[in-house]
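Some notes on the structure that comes next.
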Amino acid sequence: MLQRGVTVWFTGLSSAGKTTVSRVVASELRSLGYQIEILDDDLLRENLSNDLGFSKADRDENIRRIGFVATLLTRNNVIVLVCAISPYRHIREEVRNSIGNFIEVYVNASLDICEKRDIKGLYQKARAGQIKNFTGIDDPYEPPLNPTLECRTDLETIEESANKVLLKMAELGYINALSEKTNNLY
């Protein structure tokens, strides 16, 4: 199967559901025979950007590095699923422009819901002052003004959000076929 490369960039607050939604999308795409790669910010920070902190400049550099890897994979016809808070609009726009084939998915859940879902206790530590510059608490998150797609993970099931992503990918011509399971949800 000849496939077109595309980067699907999942952005949103910590614990909004970016990784969870992307895993369901990845599973469906793999079942259809697509070559995909997930670039998760947590893993990339450990391996590609472990020299960076959480200042605005360091966060921007981290996103640039992720964007560079995504660009290489996309131009080699891989479907790339990026899960990164990527809190600043200007850097998301920069990577969108450098990649070209780009779908921005705003994984939207209220701060209250994200805090309730936070199994790592990061929000609690940020509110206690143990973590500085935490996105959504003492550092801003700039929601996309015109995302390609918005998934309201506080109002939709993970499967509904994932299927919205798959249907948008099909609508934009990046994938050809959807399974019966996906088609039957809408």
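Residue numbering restarts at 1 in every chain; chains get A, B, ... in the order shown in the structure tokens, and ligands count up from 1 in that same order.
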If we count only C-alpha atoms, what is near Trp9 in chain A at a cut-off of 7 Å, once residues fewer than 4 positions away on the same chain are taken out, given as an mmCIF file with N, CA and C atoms, in the first residue's frame?
```cif
data_model
loop_
_atom_site.group_PDB
_atom_site.id
_atom_site.type_symbol
_atom_site.label_atom_id
_atom_site.label_comp_id
_atom_site.auth_asym_id
_atom_site.auth_seq_id
_atom_site.Cartn_x
_atom_site.Cartn_y
_atom_site.Cartn_z
ATOM 1 N N LEU A 81 2.177 10.411 14.625
ATOM 2 C CA LEU A 81 1.253 10.890 15.649
ATOM 3 C C LEU A 81 2.097 11.506 16.756
ATOM 4 N N VAL A 82 2.027 12.832 16.898
ATOM 5 C CA VAL A 82 2.809 13.552 17.905
ATOM 6 C C VAL A 82 1.898 13.894 19.070
ATOM 7 N N CYS A 83 2.330 13.518 20.275
ATOM 8 C CA CYS A 83 1.601 13.842 21.506
ATOM 9 C C CYS A 83 2.492 14.770 22.319
ATOM 10 N N ILE A 103 -1.927 17.910 10.520
ATOM 11 C CA ILE A 103 -3.270 17.976 11.087
ATOM 12 C C ILE A 103 -3.102 18.328 12.563
ATOM 13 N N GLU A 104 -3.649 19.462 12.956
ATOM 14 C CA GLU A 104 -3.571 19.871 14.362
ATOM 15 C C GLU A 104 -4.851 19.427 15.065
ATOM 16 N N VAL A 105 -4.677 18.587 16.081
ATOM 17 C CA VAL A 105 -5.808 18.092 16.862
ATOM 18 C C VAL A 105 -5.718 18.691 18.256
#
```
Just asking: which residues within chain A are alpha helix (DSSP H) according to DSSP, as a ChimeraX atom specification?
/A:18-31,41-47,56-75,89-99,111-117,122-127,158-171,180-183
note - CA of Gly136 in chain A and CA of Cys114 in chain A are separated by 9.8 Å
All residues 8 Å or closer to range 73-75 of chain A, only C-alpha atoms, same chain fewer than 2 positions away omitted, as an mmCIF file with N, CA, C and O atoms, in the first residue's frame:
```
data_model
loop_
_atom_site.group_PDB
_atom_site.id
_atom_site.type_symbol
_atom_site.label_atom_id
_atom_site.label_comp_id
_atom_site.auth_asym_id
_atom_site.auth_seq_id
_atom_site.Cartn_x
_atom_site.Cartn_y
_atom_site.Cartn_z
ATOM 1 N N ARG A 4 0.481 8.301 2.053
ATOM 2 C CA ARG A 4 1.000 9.668 2.135
ATOM 3 C C ARG A 4 1.423 9.936 3.564
ATOM 4 O O ARG A 4 0.708 9.601 4.498
ATOM 5 N N GLY A 5 2.563 10.575 3.709
ATOM 6 C CA GLY A 5 3.005 10.962 5.037
ATOM 7 C C GLY A 5 2.227 12.157 5.548
ATOM 8 O O GLY A 5 1.854 13.045 4.778
ATOM 9 N N VAL A 6 1.970 12.153 6.833
ATOM 10 C CA VAL A 6 1.283 13.266 7.483
ATOM 11 C C VAL A 6 1.660 13.252 8.963
ATOM 12 O O VAL A 6 1.904 12.187 9.531
ATOM 13 N N THR A 7 1.719 14.422 9.544
ATOM 14 C CA THR A 7 1.890 14.528 10.986
ATOM 15 C C THR A 7 0.560 14.938 11.584
ATOM 16 O O THR A 7 -0.017 15.946 11.183
ATOM 17 N N VAL A 69 12.012 15.756 13.723
ATOM 18 C CA VAL A 69 11.869 14.306 13.565
ATOM 19 C C VAL A 69 10.584 13.997 12.789
ATOM 20 O O VAL A 69 10.577 13.161 11.872
ATOM 21 N N ALA A 70 9.506 14.691 13.131
ATOM 22 C CA ALA A 70 8.236 14.477 12.431
ATOM 23 C C ALA A 70 8.349 14.827 10.951
ATOM 24 O O ALA A 70 7.792 14.129 10.094
ATOM 25 N N THR A 71 9.091 15.893 10.638
ATOM 26 C CA THR A 71 9.297 16.284 9.241
ATOM 27 C C THR A 71 9.994 15.171 8.462
ATOM 28 O O THR A 71 9.574 14.826 7.345
ATOM 29 N N ASN A 77 6.844 9.312 3.981
ATOM 30 C CA ASN A 77 5.520 8.686 3.881
ATOM 31 C C ASN A 77 5.104 7.877 5.100
ATOM 32 O O ASN A 77 4.381 6.891 4.980
ATOM 33 N N VAL A 78 5.530 8.315 6.262
ATOM 34 C CA VAL A 78 5.092 7.707 7.511
ATOM 35 C C VAL A 78 3.990 8.592 8.085
ATOM 36 O O VAL A 78 4.037 9.824 7.967
ATOM 37 N N ILE A 79 2.982 7.986 8.678
ATOM 38 C CA ILE A 79 1.979 8.730 9.428
ATOM 39 C C ILE A 79 2.535 8.898 10.838
ATOM 40 O O ILE A 79 2.810 7.915 11.521
ATOM 41 N N VAL A 80 2.720 10.145 11.238
ATOM 42 C CA VAL A 80 3.347 10.466 12.514
ATOM 43 C C VAL A 80 2.282 11.020 13.460
ATOM 44 O O VAL A 80 1.572 11.970 13.114
ATOM 45 N N ILE A 99 6.564 21.239 8.373
ATOM 46 C CA ILE A 99 6.169 19.867 8.031
ATOM 47 C C ILE A 99 5.327 19.831 6.765
ATOM 48 O O ILE A 99 5.508 18.969 5.916
ATOM 49 N N ASN A 101 2.390 18.611 5.490
ATOM 50 C CA ASN A 101 1.231 17.728 5.678
ATOM 51 C C ASN A 101 0.995 17.594 7.184
ATOM 52 O O ASN A 101 1.647 16.808 7.857
#
```
Identify all residues of range 3-177 of chain A in strand (DSSP E or B) (DSSP on the backbone) and supply them as a PyMOL selection string.
chain A and resi 6-11+36-40+79-83+102-108+135+139+149-152
List the spatial neighbours of Glu94 in chain A as number ranges by chain - criterion: any atom at most 10 Å away, only C-alpha atoms, same-chain residues fewer than 4 positions off excluded.
A: 60, 63-64, 67, 89-90, 98-99
What would the file look like if the residues just selected were written as a PDB file, in the first residue's frame with C-alpha atoms?
```pdb
ATOM      1  CA  ASP A  60      10.133  25.944  22.047  1.00  0.00           C
ATOM      2  CA  ILE A  63       8.932  21.311  20.031  1.00  0.00           C
ATOM      3  CA  ARG A  64      11.332  22.261  17.213  1.00  0.00           C
ATOM      4  CA  GLY A  67       8.964  18.835  14.632  1.00  0.00           C
ATOM      5  CA  ARG A  89       0.749  28.879  19.287  1.00  0.00           C
ATOM      6  CA  HIS A  90       3.745  30.423  17.504  1.00  0.00           C
ATOM      7  CA  SER A  98       7.986  23.213   8.259  1.00  0.00           C
ATOM      8  CA  ILE A  99       6.169  19.867   8.031  1.00  0.00           C
TER       9      ILE A  99
END
```
So which residues touch Gly17 in chain A within 9 Å, counting only C-alpha atoms, skipping near sequence neighbours fewer than 6 positions away, as a compact mmCIF listing (two decimals) with N, CA, C and O atoms, in the first residue's frame?
```txt
# COMPACT_ATOMS: atom_id res chain seq x y z
N VAL A 107 -6.80 18.52 21.72
CA VAL A 107 -7.40 17.59 22.68
C VAL A 107 -7.80 18.44 23.88
O VAL A 107 -6.96 18.83 24.68
N ASN A 108 -9.08 18.74 23.95
CA ASN A 108 -9.59 19.72 24.88
C ASN A 108 -10.34 19.05 26.02
O ASN A 108 -11.29 18.30 25.79
N ALA A 109 -9.90 19.32 27.21
CA ALA A 109 -10.61 18.93 28.43
C ALA A 109 -10.36 20.05 29.44
O ALA A 109 -9.30 20.67 29.43
N CYS A 114 -8.68 17.56 33.81
CA CYS A 114 -7.28 17.14 33.68
C CYS A 114 -6.66 16.89 35.05
O CYS A 114 -5.93 15.91 35.23
N THR A 153 -12.43 15.58 25.00
CA THR A 153 -12.32 14.33 25.75
C THR A 153 -13.02 14.38 27.10
O THR A 153 -13.15 13.35 27.75
N ILE A 158 -13.15 8.16 24.47
CA ILE A 158 -11.87 8.10 23.76
C ILE A 158 -12.09 7.56 22.35
O ILE A 158 -11.50 8.05 21.38
```
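Between Thr20 in chain A and the residues A:Asn133, A:Ser161, A:Gln35, A:Asn76, the shortest atom-to-atom distance, using only C-alpha atoms, involves A:Ser161.
Around Ile113 in chain A, within 10 Å and counting only C-alpha atoms, the residues found are Ser15, Ala16, Asp118, Thr153 and Asp154 of chain A, once anything fewer than 5 positions away on its own chain is removed.
If you measure from each of A:Asp139, A:Asp112, A:Glu93, A:Asp40 to Arg23 in chain A using only C-alpha atoms, the closest one turns out to be A:Asp40.
Across the structure, CA of Leu13 in chain A and CA of Ile85 in chain A are spaced 5.7 Å apart.
For the atom pair formed by CA of Ala128 in chain A and CA of Pro140 in chain A, the distance is 17.4 Å, given to one decimal.
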Contacts of Asn62 in chain A within 10 Å, only C-alpha atoms, excl. fewer than 4 positions in-chain, as an MDAnalysis selection string:
chainID A and resid 41 44:45 48:54 56:58 66:68 84 86 91
Store the residues picked out above, limited to N, CA and C atoms, as a PDB file, in the first residue's frame.
```pdb
ATOM      1  N   ASP A  41       5.910  13.177  23.732  1.00  0.00           N
ATOM      2  CA  ASP A  41       6.794  14.169  24.325  1.00  0.00           C
ATOM      3  C   ASP A  41       7.531  13.652  25.556  1.00  0.00           C
ATOM      4  N   LEU A  44      10.394  11.526  24.318  1.00  0.00           N
ATOM      5  CA  LEU A  44      11.375  12.326  23.577  1.00  0.00           C
ATOM      6  C   LEU A  44      12.165  13.237  24.508  1.00  0.00           C
ATOM      7  N   ARG A  45      11.523  13.736  25.555  1.00  0.00           N
ATOM      8  CA  ARG A  45      12.247  14.577  26.520  1.00  0.00           C
ATOM      9  C   ARG A  45      13.341  13.777  27.214  1.00  0.00           C
ATOM     10  N   LEU A  48      15.747  12.709  23.612  1.00  0.00           N
ATOM     11  CA  LEU A  48      16.164  13.662  22.588  1.00  0.00           C
ATOM     12  C   LEU A  48      16.408  15.056  23.177  1.00  0.00           C
ATOM     13  N   SER A  49      15.713  15.379  24.244  1.00  0.00           N
ATOM     14  CA  SER A  49      15.773  16.735  24.788  1.00  0.00           C
ATOM     15  C   SER A  49      16.070  16.751  26.284  1.00  0.00           C
ATOM     16  N   ASN A  50      16.833  15.772  26.750  1.00  0.00           N
ATOM     17  CA  ASN A  50      17.109  15.701  28.190  1.00  0.00           C
ATOM     18  C   ASN A  50      18.028  16.822  28.671  1.00  0.00           C
ATOM     19  N   ASP A  51      18.556  17.603  27.752  1.00  0.00           N
ATOM     20  CA  ASP A  51      19.383  18.751  28.114  1.00  0.00           C
ATOM     21  C   ASP A  51      18.550  20.019  28.316  1.00  0.00           C
ATOM     22  N   LEU A  52      17.242  19.929  28.098  1.00  0.00           N
ATOM     23  CA  LEU A  52      16.375  21.098  28.163  1.00  0.00           C
ATOM     24  C   LEU A  52      15.564  21.130  29.452  1.00  0.00           C
ATOM     25  N   GLY A  53      15.289  22.339  29.896  1.00  0.00           N
ATOM     26  CA  GLY A  53      14.413  22.541  31.051  1.00  0.00           C
ATOM     27  C   GLY A  53      13.012  22.895  30.586  1.00  0.00           C
ATOM     28  N   PHE A  54      12.327  23.739  31.358  1.00  0.00           N
ATOM     29  CA  PHE A  54      10.944  24.075  31.038  1.00  0.00           C
ATOM     30  C   PHE A  54      10.723  25.571  30.891  1.00  0.00           C
ATOM     31  N   LYS A  56      10.424  28.975  28.561  1.00  0.00           N
ATOM     32  CA  LYS A  56       9.751  29.132  27.268  1.00  0.00           C
ATOM     33  C   LYS A  56      10.704  28.780  26.125  1.00  0.00           C
ATOM     34  N   ALA A  57      11.939  29.256  26.208  1.00  0.00           N
ATOM     35  CA  ALA A  57      12.922  28.968  25.153  1.00  0.00           C
ATOM     36  C   ALA A  57      13.191  27.472  25.047  1.00  0.00           C
ATOM     37  N   ASP A  58      13.314  26.782  26.179  1.00  0.00           N
ATOM     38  CA  ASP A  58      13.559  25.343  26.158  1.00  0.00           C
ATOM     39  C   ASP A  58      12.344  24.575  25.635  1.00  0.00           C
ATOM     40  N   ILE A  66      11.101  17.919  18.094  1.00  0.00           N
ATOM     41  CA  ILE A  66      10.040  16.960  17.762  1.00  0.00           C
ATOM     42  C   ILE A  66       9.570  17.208  16.328  1.00  0.00           C
ATOM     43  N   GLY A  67       9.391  18.479  15.986  1.00  0.00           N
ATOM     44  CA  GLY A  67       8.964  18.835  14.632  1.00  0.00           C
ATOM     45  C   GLY A  67       9.951  18.389  13.574  1.00  0.00           C
ATOM     46  N   PHE A  68      11.238  18.483  13.864  1.00  0.00           N
ATOM     47  CA  PHE A  68      12.258  18.045  12.914  1.00  0.00           C
ATOM     48  C   PHE A  68      12.146  16.547  12.652  1.00  0.00           C
ATOM     49  N   ALA A  84       2.166  16.054  22.304  1.00  0.00           N
ATOM     50  CA  ALA A  84       2.991  17.033  23.010  1.00  0.00           C
ATOM     51  C   ALA A  84       2.104  18.191  23.454  1.00  0.00           C
ATOM     52  N   SER A  86       2.842  21.187  23.839  1.00  0.00           N
ATOM     53  CA  SER A  86       3.158  22.295  22.924  1.00  0.00           C
ATOM     54  C   SER A  86       2.286  23.512  23.218  1.00  0.00           C
ATOM     55  N   ILE A  91       5.000  28.409  18.086  1.00  0.00           N
ATOM     56  CA  ILE A  91       5.884  27.284  17.779  1.00  0.00           C
ATOM     57  C   ILE A  91       5.105  26.164  17.085  1.00  0.00           C
TER      58      ILE A  91
END
```
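With only C-alpha atoms as the atoms that count, the minimum distance from Arg152 in chain A to the choices A:Ile137, A:Leu167, A:Leu2, A:Lys18 is reached by A:Lys18.
Distances from A:Asp138, A:Asp42, A:Glu150, A:Glu28 to Lys164 in chain A were compared using only C-alpha atoms, and the smallest one belongs to A:Glu150.
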